[in-house]
Every structure is written in structure tokens, then in C-alpha cells.
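J.: Here it is, the structure, as C-alpha cells.
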There are 2 protein chains.
Amino acid sequence: MALSRISGSGESDLDAAPAVDRSKRTAIMSAATECFLEVGFGATSMDAIAQRAHVSKATVYAHFSNKEELFGTIVAERCRTAFGEGSPLTLDHPDVAAALTAVGHRFVDLLLSAEALAMYRLVVAESPRFPEIGRQFYAAGPERLFEQLSQYLTEAGRRGWLKVEEPRLAAGQFLGMLKAERFLQRILGLAPAAEETLQREIDAAVAVIMRAYAPS
Amino acid sequence: MALSRISGSGESDLDAAPAVDRSKRTAIMSAATECFLEVGFGATSMDAIAQRAHVSKATVYAHFSNKEELFGTIVAERCRTAFGEGSPLTLDHPDVAAALTAVGHRFVDLLLSAEALAMYRLVVAESPRFPEIGRQFYAAGPERLFEQLSQYLTEAGRRGWLKVEEPRLAAGQFLGMLKAERFLQRILGLAPAAEETLQREIDAAVAVIMRAYAPS
DNA sequence: GTCTATATGAAGATAGAC
DNA sequence: GTCTATCTTCATATAGAC
């Protein structure tokens with residue numbers, strides 16, 4: 001947790017006056033992020049945010065005109081950073097099964113992390129009220145992952161390691177198999193599965209893909 | 001929907017004994033269900049429920065001691081009924097691919113229905129506050145489906161139609177492949193996929209299972 | 001049980017001093 | 001910009017008549 005460093009998309013070299021401002025603004029966003037992720041939009045009060053940020057409520061309103069804007073700003077910021085900027089998924093590995101296994105582990109770890117679960121819950125709950133955040137979330141997270149894996153599968157197909165006619169679809173199948181059950185169980189608050197169970201499921205998903213898309 | 005049938009000046013023709021009480025309670029539950037599914041727990045006011053049920057707010061409190069109890073009652077009731085009592089998934093078909101395709105269609109249709117999406121969103125959003133509903137939802141919905149499909153795969157394996165060592169896992173893989181992307185896109189408010197796209201994905205998922213678990 | 005009317009409190013947002 | 005104090009709205013919940 002503890003997202004302490006929040007700056008906009010650019011480096012503002014003008015750090016003369018807004019020095020204090022920045023620090024308060026950062027504290028507010030940090031506090032608000034925690035509150036929203038913990039109890040959701042509706043149950044988070046501006047009082048609670050101000051209190052956690054060690055700031056008066058009026059100061060919060062000096063930086064964000066209302067609760068919706070604060071929420072939107074935070075989720076947008078979170079979408080840009082939470083999924084990793086570069087995502088160095090080096091998929092040049094010659095062993096397809098090993099590469100898929102590595103991707104699978106990374107995916108499952110990310111997906112089942114407490115922060116990802118909280119973020120997902122928040123976006124799902126509020127996307128009807130804030131249609132934009134659903135779009136942003138999907139584009140920043142799942143979409144990019146699908147795209148990366150899809151490109152890898154395309155390349156693997158080109159080299160004859162696999163026989164995939166629709167890489168995008170195959171990528172969805174692989175990630176879907178990994179997500180199955182476990183994510184749903186966690187998001188609904190059921191007891192988490194054992195580590196070795198997850199390991200087995202990743203291996204099984206890889207095996208299915210390898211068999212189903214084996215070059216004839 | 002809108003079960004709210006209010007007999008105006010005391011003309012209860014066909015109804016005999018528990019007329020008044022039941023009818024109000026039913027109207028309240030029906031109205032509350034609609035409200036909760038539409039805007040969620042937090043954004044639903046008891047005033048709105050009373051108004052939609054054509055009942056005073058005090059009457060609502062005469063039947064349910066508070067908002068939480070009303071919510072819990074409704075979701076529990078919904079979990080029991082929404083997923084179908086019998087679920088006549090007749091999986092005795094000799095053609096495995098056809099059977100899986102049928103299951104796939106049913107699953108996808110249910111999953112992408114407006115009501116299922118609303119219910120899912122509600123449960124996901126509120127399960128931290130109401131831990132019990134997450135459990136109930138999973139047991140009544142996904143768990144039963146997994147179990148049914150798992151039993152079918154077990155039987156198919158026994159008859160030599162497939163070679164599945166872990167039916168539960170394979171069931172999860174199949175349903176996970178079907179759920180991939182589309183459900184997420186819908187739950188996040190993105191544009192729905194074309195019908196033919198869904199059809200293709202179901203066929204592709206069936207094909208993967210058939211190839212991966214083909215008897216050697 | 002059901003209604004009208006109201007108590008109580010919480011939360012979003014603002015006024016005005018510094 | 002930042003604070004304290006306050007306004008205003010609205011939602012939960014209840015009181016009391018019928």
C-alpha cells in the first residue's frame with residue numbers, strides 16, 4: 001500500500017510556491033485512496049478523509065471541488081500506476097510452457113493481491129455512477145495484459161511453436177482459466193486457496209493450452 | 001416485475017387469509033429488490049423503497065427492523081431463487097462437444113443477463129459489509145454450476161469419452177474460458193460483444209477442452 | 001399494521017478569519 | 001491555502017393517532 005508519491009503526468013519544475021500545497025494534496029489523495037479502497041465510495045466521508053490526512057475538510061475542498069472529482073482523480077491515477085508502467089513481460093523465451101507459466105504466476109499474484117481485489121471491487125461497484133472509470137480500468141489493466149499475451153502467442157505461432165489462429169481469443173482463454181473460481185472466491189470473501197493449489201491450476205492451464213494449440 | 005398489487009378499498013376477491021400483511025410485505029421486498037439492484041445498498045434510501053412500494057416508511061420498519069436486515073433478507077431470497085431451483089441441465093447426451101456447447105450457451109446467457117450483472121455487482125460491492133451474502137451467493141450460483149459440470153465430466157471420463165483426471169479443475173477451466181473478457185467488459189460498462197462473437201468463443205472453448213482432454 | 005409528522009444525526013459543502 | 005465553525009440537506013429511525 002502506501003502510495004506516497006503521486007505527481008501528475010509531468011514534472012512540474014515550478015516548485016516555488018506550491019511546495020506546501022503539494023504535500024497537503026498528496027496527503028489528501030493518499031488518505032482518500034485508502035478510505036475508498038477500504039470501504040468504497042458511498043461509505044467514505046469527506047470528514048474521514050480530512051481526518052486521516054491530518055487536514056481540515058475545507059482544505060480538501062480547496063483542492064478538489066467535490067467528492068466525485070476526488071474519486072475520479074484517484075481512480076484514474078491508480079489505473080495508470082497500479083498495473084505497472086513498463087510491465088517487463090519478456091516473452092522471448094524459447095520454451096513456451098515456461099513462458100506461459102511465468103505469465104500465469106505474475107497474473108495470479110497480481111489478481112489475488114489485496115490491493116487489486118479492493119480496486120476491482122471499487123471499480124465494479126461505482127462504474128455505473130462513473131462510467132469513465134470502468135473504461136479506464138479495463139484499458140489500463142486487462143486490455144494491456146491481453147494485448148501483451150496476444151502478441152506473444154502470435155509470435156510463438158509465427159515461429160511454429162504453437163498453432164494459434166486467433167491469438168487474442170487464446171490469450172483470453174488462458175487468462176480466463178487462471179482466473180476461474182479463485183478470483184471469484186476471493187472477491188466474495190471466501191477463504192483463499194492454498195498456494196500449491198494455485199500452482200497446480202497454473203500448470204494445468206498451461207498444459208491445456210499446450211495440448212490444445214500444439215503444432216500438428 | 002412490480003408485484004405491487006394494492007387492493008384499494010378492501011375488495012379482496014380471491015385472496016383469503018393472510019391478505020393484507022403479506023401483500024404489503026411482498027410489495028416492500030419487491031420494491032427494495034429493484035432499488036438495490038438499480039443503485040446499490042448505499043444509494044438506496046428507505047424513503048425510495050417506501051415510495052416505490054406505495055407504503056409509508058413506518059410500514060417498512062414494521063416489517064424489517066432496519067435497512068441491513070431488509071437487504072440481507074432480500075439477497076438471501078434472491079440467491080435461492082435467481083439461479084433456478086432445479087436447473088435441469090440434462091447432461092446425458094452422448095455427444096460431449098454438443099453437451100458442452102449447450103452448457104456454455106446457458107452459462108453465457110445467464111452470466112450476461114442484466115439481472116445477473118446487477119446481482120453480481122451488488123454482492124461484490126457489499127460482501128465486505130455483509131460477509132454472509134458472498135458465501136451464499138457463491139454456494140447458490142457458481143458452486144452448483146461447477147458441481148454439475150464436474151459430475152458430467154466425471155461421468156464422461158468414466159465412459160471413455162474424455163480423459164479427465166481432475167474434473168473439478170477442468171470444469172473451472174471451461175467456465176473460466178467462457179467468462180473471460182466478456183463478463184468483465186459488461187460489468188465494467190463497456191459495450192457488449194456481438195452475438196456471433198460469443199458463439200465463436202463458446203465453440204472455441206469447447207474445442208480447447210475436447211482437444212486437451214481427448215482420450216489418447 | 002398502517003399512517004402522518006418528527007426527532008436525530010451524519011455528511012457534503014461553504015463562510016470568514018488568518 | 002488553511003483553519004474553525006456553521007449551513008443545509010437528507011436519510012435512518014421513531015412517536016403517536018387511528
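Going through the C-alpha cells in order, the chains are called A, B, and so on, while each chain numbers its residues from 1 and the ligands are numbered from 1 in the order shown.
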Within 10 Å of chain A, which residues of chain C show up? Give each one with its shortest atom-to-atom distance in Å (one decimal) and the two atoms involved, counting only C-alpha atoms (C1' of nucleotides), rows by chain then rising residue number, as CSV.

T.:
```
residue,atom,partner,partner_atom,distance
C:DA10,C1',A:Ser45,CA,9.4
C:DA11,C1',A:Ser45,CA,6.5
C:DG12,C1',A:Met46,CA,7.6
C:DA13,C1',A:Asn66,CA,8.1
C:DT14,C1',A:Ala58,CA,8.4
```

J.: Could you work out which residues of chain A fall inside 8 Å of chain D? Count only C-alpha atoms (C1' of nucleotides), and format the result as a VMD selection string.

T.: chain A and resid 21 56 58 to 59 62

J.: How far apart are chain B and chain A by Cα RMSD after a least-squares superposition over every Cα, paired in order?

T.: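 With all C-alpha atoms paired in order, the RMSD is 4.3 Å.
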
J.: Considering only C-alpha atoms, extract the chain A residues located within 6 Å of chain B and return them as a compact mmCIF listing (two decimals) with C-alpha atoms, in the first residue's frame.

T.:
```txt
# COMPACT_ATOMS: atom_id res chain seq x y z
CA ARG A 121 -14.40 -4.13 -6.04
CA ALA A 125 -19.34 -1.03 -7.58
CA GLY A 134 -14.76 1.26 -15.94
CA GLY A 172 -8.41 -14.76 -23.20
CA GLN A 173 -8.82 -18.47 -22.73
CA GLY A 176 -9.74 -16.96 -18.11
CA MET A 177 -8.70 -20.40 -17.00
CA ALA A 180 -11.59 -19.18 -12.77
CA LEU A 188 -16.77 -12.75 -2.45
CA VAL A 208 -4.36 -27.32 -21.66
CA ARG A 211 -2.16 -29.54 -25.85
CA ALA A 212 -4.97 -27.65 -27.50
```

J.: Would you work out the distance separating CA of Pro94 (chain A) from CA of Ser150 (chain A), expressed in Å to one decimal?

T.: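 CA of Ser150 (chain A) lies at a distance of 16.1 Å from CA of Pro94 (chain A).
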
J.: Residues of region 31-119 of chain B classed as alpha helix (DSSP H) by DSSP on the backbone are to be reported as a PyMOL selection string.

T.: chain B and resi 31-39+46-52+57-63+67-82+96-112+114-119

J.: If I take CA of Ala156 (chain B) and CA of Phe183 (chain A), how far is one from the other in Å, to one decimal?

T.: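 Computing it gives 27.4 Å between the two atoms.
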